[in-house]
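Let me begin by presenting the structure, written as structure tokens, before commenting on it.
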Amino acid sequence: MAKQKFLIVLAGATASGKTTTAIRLAQYFNTAIISADSRQFYKELNIGTAKPSPSELAAAPHYAINTISIEHQYNVGDFESDCLAWLAELYQQQDVVILAGGSGLFIKAVCEGLDEFPTIDPSIRIQLQQDWEQHGLVFLQETLRHSDPDYYEKVDLNNPQRLIRALEICQATGKPFSTFRKAQPKARPFTPIYVLLEWERSVLYQRINERVDAMLAAGLLEEARHLFPKRKLNALQTVGYQEFFEYFDGAITYEEAVELVKRNSRRYAKRQMTWFRRDPHWKSFNFAEFEKMIAFIENKIKPH
């Protein structure tokens with residue numbers, strides 16, 4: 001009889017310490033880490049995505065980091081397929097693997113499968129794309145708020161492609177996008193163990209502010225300037241780059257751009273935690289409670 005396989009799913013808001021904790025877990029269980037971050041697989045995005053450093057990447061085997069170019073179209077369905085293939089390979093050698101990141105949608109795709117959505121007339125997406133280019137991101141946000149207030153509270157509001165995807169479903173079906181997100185979980189050849197890193201909000205926000213300052217010291221402005229000519233690519237519709245693109249356009253000052261990065265990062269963190277807290281299967285730990293985390297995981301893994 002084949003041994004049971006486990007997937008330690010480590011999640012948390014941006015700047016919550018997932019990278020450090022994932023590496024400690026990987027070293028403890030002598031296993032690999034698959035990143036569940038929706039931007040770290042892009043080779044060109046380094047500082048603004050808080051990608052693990054070369055020394056961190058060398059500390060444990062990592063997957064889904066530096067795997068594709070920003071020129072490449074890559075979505076959550078592609079990630080689901082790739083991740084399941086990596087897991088099939090890894091589980092031939094070990095019984096425990098780690099999935100770590102802050103993208104709730106990517107984690108859900110791997111652990112439960114994606115929801116089934118109807119086929120949409122491409123002209124609807126084209127029109128929404130034009131609406132975004134002509135009227136801006138706020139237009140998409142407000143349209144979604146009226147069309148699907150439930151999904152509006154959960155989605156990354158700074159990601160126009162996510163907004164467009166939801167709106168095209170709303171417009172094509174006349175139903176809220178959120179009503180299609182009710183599929184039953186798909187069977188998986190592993191058992192997820194859900195671990196959530198939690199902080200007091202004020203402490204987390206301070207960590208976010210300090211991280212942005214560290215990114216700037218590491219050269220975030222120069223990285224954003226280098227990427228500016230490709231600003232319309234989907235991969236660059238993200239916090240930490242968009243704000244500096246506005247600065248390069250002359251729409252805001254440098255100081256305003258920095259404050260926007262911090263504010264939008266805090267807002268993103270709040271949405272991340274809202275996403276994770278809605279599901280009761282997460283077990284929360286403080287960053288300092290590593291021994292308790294290990295005890296919880298080992299209790300899940302050992303035969304009962």
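By order of appearance in the structure tokens: chains A, B, ..., then residues from 1 within every chain, and ligands from 1 in the order shown.
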For this session: Within 10 Å of Thr31 (chain A), counting only C-alpha atoms, which residues show up once you throw out same-chain ones fewer than 2 positions away? Write them as a list in words, please.
Result: Ile23, Leu25, Ala26, Gln27, Tyr28, Phe29, Ile33, Ala60, Pro61, His62, Leu90, Tyr91, Gln93, Gln94, Asp95, Val96, Val97 and Ile98 of chain A
For this session: Assign secondary structure with DSSP using the backbone only, and return the residues of region 70-228 of chain A in strand (DSSP E or B) as JSON, numbers by chain.
Result: {"A": [96, 97, 98, 99, 100, 101, 191, 192, 193, 194, 195, 196, 197, 198]}
For this session: Mind checking which residues fall within 9 Å of Phe287 (chain A), counting only C-alpha atoms, ignoring those fewer than 2 positions away in the same chain, and posting them as a VMD selection string?
Result: chain A and resid 16 to 18 21 197 to 199 285 289 to 290
Per residue of region 47-158 of chain A within 8 Å of region 172-192 of chain A, note the shortest atom pair and the distance in Å to one decimal, counting only C-alpha atoms, and order the rows by chain and increasing residue number, as a Markdown table.
```
| residue | atom | partner | partner_atom | distance |
| --- | --- | --- | --- | --- |
| A:Cys111 | CA | A:Pro192 | CA | 6.9 |
| A:Glu112 | CA | A:Pro185 | CA | 4.3 |
| A:Gly113 | CA | A:Lys186 | CA | 5.5 |
| A:Leu114 | CA | A:Ala183 | CA | 7.7 |
| A:Asp115 | CA | A:Ala183 | CA | 5.3 |
| A:Glu116 | CA | A:Phe180 | CA | 7.1 |
| A:Phe117 | CA | A:Phe180 | CA | 6.5 |
| A:Ile120 | CA | A:Ala172 | CA | 6.5 |
| A:Asp121 | CA | A:Ala172 | CA | 7.6 |
| A:Ile124 | CA | A:Ala172 | CA | 7.6 |
| A:Ser147 | CA | A:Pro176 | CA | 6.3 |
| A:Asp148 | CA | A:Pro176 | CA | 5.1 |
| A:Asp150 | CA | A:Ser178 | CA | 6.8 |
| A:Tyr151 | CA | A:Ser178 | CA | 5.6 |
```
Restricted to all heavy atoms, what would the selected residues look like written as a compact mmCIF listing (two decimals), in the first residue's frame?
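Output below, filename result_5.txt:
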```txt
# COMPACT_ATOMS: atom_id res chain seq x y z
N CYS A 111 -4.74 22.77 -4.26
CA CYS A 111 -5.31 21.90 -3.24
C CYS A 111 -6.74 21.43 -3.55
O CYS A 111 -7.13 20.33 -3.13
CB CYS A 111 -5.31 22.61 -1.88
SG CYS A 111 -3.65 22.99 -1.27
N GLU A 112 -7.50 22.23 -4.28
CA GLU A 112 -8.91 21.92 -4.50
C GLU A 112 -9.32 21.87 -5.97
O GLU A 112 -10.39 21.37 -6.30
CB GLU A 112 -9.79 22.96 -3.79
CG GLU A 112 -9.54 23.07 -2.30
CD GLU A 112 -10.38 24.17 -1.67
OE1 GLU A 112 -11.39 24.58 -2.29
OE2 GLU A 112 -10.03 24.61 -0.57
N GLY A 113 -8.48 22.42 -6.85
CA GLY A 113 -8.87 22.52 -8.25
C GLY A 113 -9.57 23.83 -8.54
O GLY A 113 -10.01 24.52 -7.63
N LEU A 114 -9.65 24.17 -9.80
CA LEU A 114 -10.26 25.42 -10.22
C LEU A 114 -11.76 25.25 -10.45
O LEU A 114 -12.23 24.17 -10.80
CB LEU A 114 -9.61 25.93 -11.51
CG LEU A 114 -8.16 26.40 -11.38
CD1 LEU A 114 -7.58 26.64 -12.76
CD2 LEU A 114 -8.09 27.68 -10.55
N ASP A 115 -12.48 26.35 -10.26
CA ASP A 115 -13.91 26.34 -10.57
C ASP A 115 -14.11 26.28 -12.08
O ASP A 115 -13.24 26.67 -12.86
CB ASP A 115 -14.56 27.60 -10.01
CG ASP A 115 -14.48 27.66 -8.50
OD1 ASP A 115 -15.06 26.78 -7.85
OD2 ASP A 115 -13.82 28.58 -7.98
N GLU A 116 -15.26 25.79 -12.47
CA GLU A 116 -15.60 25.71 -13.90
C GLU A 116 -16.37 26.96 -14.31
O GLU A 116 -17.39 27.29 -13.71
CB GLU A 116 -16.45 24.46 -14.17
CG GLU A 116 -15.76 23.14 -13.82
CD GLU A 116 -14.56 22.85 -14.70
OE1 GLU A 116 -14.54 23.33 -15.85
OE2 GLU A 116 -13.64 22.14 -14.23
N PHE A 117 -15.87 27.64 -15.34
CA PHE A 117 -16.52 28.86 -15.82
C PHE A 117 -17.00 28.67 -17.26
O PHE A 117 -16.42 27.91 -18.03
CB PHE A 117 -15.54 30.03 -15.78
CG PHE A 117 -15.14 30.43 -14.38
CD1 PHE A 117 -13.90 30.08 -13.88
CD2 PHE A 117 -16.02 31.13 -13.57
CE1 PHE A 117 -13.54 30.43 -12.59
CE2 PHE A 117 -15.66 31.49 -12.28
CZ PHE A 117 -14.43 31.13 -11.79
N ILE A 120 -16.63 32.39 -22.83
CA ILE A 120 -17.04 33.78 -23.00
C ILE A 120 -16.69 34.28 -24.40
O ILE A 120 -15.61 33.98 -24.92
CB ILE A 120 -16.35 34.68 -21.94
CG1 ILE A 120 -16.67 34.16 -20.52
CG2 ILE A 120 -16.76 36.13 -22.10
CD1 ILE A 120 -18.12 34.18 -20.17
N ASP A 121 -17.59 35.06 -24.97
CA ASP A 121 -17.34 35.70 -26.27
C ASP A 121 -16.11 36.62 -26.12
O ASP A 121 -16.11 37.52 -25.28
CB ASP A 121 -18.57 36.53 -26.66
CG ASP A 121 -18.43 37.17 -28.04
OD1 ASP A 121 -17.29 37.31 -28.53
OD2 ASP A 121 -19.46 37.55 -28.61
N ILE A 124 -16.19 40.54 -25.52
CA ILE A 124 -16.46 41.15 -24.21
C ILE A 124 -15.16 41.52 -23.53
O ILE A 124 -15.00 42.63 -22.98
CB ILE A 124 -17.28 40.18 -23.33
CG1 ILE A 124 -18.66 39.92 -23.96
CG2 ILE A 124 -17.45 40.75 -21.91
CD1 ILE A 124 -19.50 38.92 -23.21
N SER A 147 -21.27 45.21 -9.73
CA SER A 147 -21.68 43.94 -10.35
C SER A 147 -21.57 42.76 -9.40
O SER A 147 -22.38 41.83 -9.46
CB SER A 147 -20.82 43.67 -11.60
OG SER A 147 -20.93 44.71 -12.53
N ASP A 148 -20.53 42.79 -8.55
CA ASP A 148 -20.27 41.64 -7.68
C ASP A 148 -19.56 42.10 -6.41
O ASP A 148 -18.35 41.93 -6.26
CB ASP A 148 -19.41 40.60 -8.43
CG ASP A 148 -19.32 39.27 -7.69
OD1 ASP A 148 -19.72 39.21 -6.51
OD2 ASP A 148 -18.84 38.29 -8.29
N ASP A 150 -19.43 40.94 -3.52
CA ASP A 150 -18.80 39.87 -2.75
C ASP A 150 -17.36 39.62 -3.24
O ASP A 150 -16.42 39.57 -2.45
CB ASP A 150 -19.62 38.59 -2.84
CG ASP A 150 -19.04 37.46 -2.01
OD1 ASP A 150 -18.85 37.67 -0.80
OD2 ASP A 150 -18.77 36.37 -2.56
N TYR A 151 -17.21 39.48 -4.55
CA TYR A 151 -15.87 39.23 -5.11
C TYR A 151 -15.00 40.48 -4.99
O TYR A 151 -13.78 40.38 -4.83
CB TYR A 151 -15.97 38.79 -6.57
CG TYR A 151 -14.65 38.33 -7.15
CD1 TYR A 151 -13.98 37.23 -6.61
CD2 TYR A 151 -14.08 38.99 -8.23
CE1 TYR A 151 -12.78 36.80 -7.13
CE2 TYR A 151 -12.87 38.56 -8.76
CZ TYR A 151 -12.22 37.47 -8.21
OH TYR A 151 -11.02 37.06 -8.72
```
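When only C-alpha atoms are used to measure the gap to Leu220 (chain A), the shortest distance among A:Val9, A:Leu105, A:Leu140, A:Ile47 belongs to A:Ile47.
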Each residue of region 140-225 of chain A with at least one atom at most 8 Å from region 258-267 of chain A should appear once, together with its nearest atom pair and the corresponding distance in Å (one decimal); atoms considered: only C-alpha atoms; ordering: chain, then increasing residue number; output as a Markdown table.
```
| residue | atom | partner | partner_atom | distance |
| --- | --- | --- | --- | --- |
| A:Tyr205 | CA | A:Arg266 | CA | 6.1 |
| A:Ile208 | CA | A:Arg266 | CA | 6.8 |
| A:Asn209 | CA | A:Lys262 | CA | 5.7 |
| A:Val212 | CA | A:Lys262 | CA | 6.5 |
```
Output for the residues just chosen: N, CA, C and O atoms as a PDB file, in the first residue's frame:
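Now in again06.pdb:
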```
ATOM      1  N   TYR A 205       1.886  45.819   9.518  1.00  0.00           N
ATOM      2  CA  TYR A 205       1.987  47.030   8.706  1.00  0.00           C
ATOM      3  C   TYR A 205       3.364  47.682   8.851  1.00  0.00           C
ATOM      4  O   TYR A 205       3.916  48.220   7.885  1.00  0.00           O
ATOM      5  N   ILE A 208       5.691  45.711   6.729  1.00  0.00           N
ATOM      6  CA  ILE A 208       5.501  46.047   5.320  1.00  0.00           C
ATOM      7  C   ILE A 208       6.231  47.342   4.973  1.00  0.00           C
ATOM      8  O   ILE A 208       6.939  47.425   3.964  1.00  0.00           O
ATOM      9  N   ASN A 209       6.060  48.364   5.812  1.00  0.00           N
ATOM     10  CA  ASN A 209       6.731  49.646   5.567  1.00  0.00           C
ATOM     11  C   ASN A 209       8.247  49.470   5.538  1.00  0.00           C
ATOM     12  O   ASN A 209       8.939  50.033   4.675  1.00  0.00           O
ATOM     13  N   VAL A 212       9.368  47.744   2.287  1.00  0.00           N
ATOM     14  CA  VAL A 212       9.404  48.659   1.142  1.00  0.00           C
ATOM     15  C   VAL A 212      10.665  49.521   1.199  1.00  0.00           C
ATOM     16  O   VAL A 212      11.337  49.719   0.179  1.00  0.00           O
TER      17      VAL A 212
END
```
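CA of Met215 (chain A) to CA of Asp37 (chain A) spans 17.4 Å [interatomic distance, one decimal].
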For Gln92 (chain A), please output as a tab-separated table (two decimals) with N, CA and C atoms, in the first residue's frame all residues within 12 Å (counting only C-alpha atoms; exclusion window: fewer than 6 positions along the same chain).
```
chain	number	residue	atom	x	y	z
A	2	ALA	N	0.59	2.19	-0.89
A	2	ALA	CA	1.41	3.40	-1.01
A	2	ALA	C	1.29	4.25	0.25
A	3	LYS	N	2.40	4.86	0.63
A	3	LYS	CA	2.39	5.73	1.81
A	3	LYS	C	1.60	7.00	1.52
A	4	GLN	N	0.94	7.49	2.53
A	4	GLN	CA	0.17	8.73	2.38
A	4	GLN	C	1.12	9.91	2.16
A	5	LYS	N	0.72	10.81	1.28
A	5	LYS	CA	1.53	11.99	0.97
A	5	LYS	C	0.88	13.24	1.58
A	31	THR	N	12.93	18.45	2.58
A	31	THR	CA	12.06	18.42	1.41
A	31	THR	C	12.19	19.71	0.60
A	85	ALA	N	2.34	18.43	-11.57
A	85	ALA	CA	3.41	17.65	-12.19
A	85	ALA	C	4.65	17.61	-11.29
A	86	TRP	N	5.00	18.78	-10.71
A	86	TRP	CA	6.14	18.83	-9.78
A	86	TRP	C	5.88	17.93	-8.58
```
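For the residues A:Lys283, A:Gly102, A:Leu10, A:Ala15, ranking by smallest atom-to-atom distance to Glu210 (chain A) using only C-alpha atoms places A:Ala15 first.
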For this session: Excluding Phe296 (chain A) and residues on its chain fewer than 4 positions from it, collect all residues at most 12 Å away from it, counting only C-alpha atoms, and give them as a PyMOL selection string.
Result: chain A and resi 8+193-196+282-285+289-292+300-302
Which residues come within 8 Å of Leu167 (chain A), counting only C-alpha atoms, excluding same-chain residues fewer than 3 positions away, as a tab-separated table (two decimals) with N, CA and C atoms, in the first residue's frame?
```tsv
chain	number	residue	atom	x	y	z
A	128	LEU	N	-13.72	45.27	-22.50
A	128	LEU	CA	-13.27	45.58	-21.14
A	128	LEU	C	-11.82	46.05	-21.12
A	143	THR	N	-16.98	49.29	-11.38
A	143	THR	CA	-17.91	48.44	-12.12
A	143	THR	C	-18.08	47.10	-11.42
A	144	LEU	N	-16.96	46.53	-10.96
A	144	LEU	CA	-17.03	45.25	-10.25
A	144	LEU	C	-17.74	45.42	-8.91
A	147	SER	N	-21.27	45.21	-9.73
A	147	SER	CA	-21.68	43.94	-10.35
A	147	SER	C	-21.57	42.76	-9.40
A	163	LEU	N	-9.75	41.71	-12.52
A	163	LEU	CA	-11.01	42.47	-12.58
A	163	LEU	C	-11.73	42.21	-13.90
A	164	ILE	N	-10.97	42.25	-14.98
A	164	ILE	CA	-11.56	42.01	-16.31
A	164	ILE	C	-12.14	40.61	-16.40
A	170	CYS	N	-19.49	38.30	-15.44
A	170	CYS	CA	-20.71	39.02	-15.03
A	170	CYS	C	-21.51	39.47	-16.25
A	171	GLN	N	-20.83	40.07	-17.22
A	171	GLN	CA	-21.52	40.63	-18.38
A	171	GLN	C	-22.07	39.54	-19.30
A	177	PHE	N	-19.75	36.98	-10.71
A	177	PHE	CA	-18.62	36.06	-10.87
A	177	PHE	C	-18.52	35.11	-9.67
```
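Restricting the calculation to only C-alpha atoms, the smallest distance between Cys83 (chain A) and any of A:Glu222, A:Ala257, A:Lys108, A:Leu204 is found for A:Lys108.
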Problem set entry | Exercise: Trp132 (chain A) partners within 10 Å, only C-alpha atoms, chain neighbours under 3 positions left out, as a PyMOL selection string | chain A and resi 126-129+135-141+160-161+163-164
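With CA of Tyr247 (chain A) on one side and CA of Ile68 (chain A) on the other, the separation reads 27.3 Å.
Using only C-alpha atoms, the shortest contact distance between Arg162 (chain A) and any of A:Glu200, A:Gln237, A:Asp131, A:Gln206 is found at A:Gln237.
The coordinates place CA of Lys154 (chain A) at 23.8 Å from CA of Lys51 (chain A).
Across A:Ile252, A:Leu227, A:Ala218, A:Ile34, the tightest approach to Thr67 (chain A) is made by A:Ile34 when counting only C-alpha atoms.
The shortest atom-to-atom distance to Thr19 (chain A), with only C-alpha atoms taken into account, belongs to A:Ala100 out of A:Ile297, A:Val76, A:Ala59, A:Ala100.
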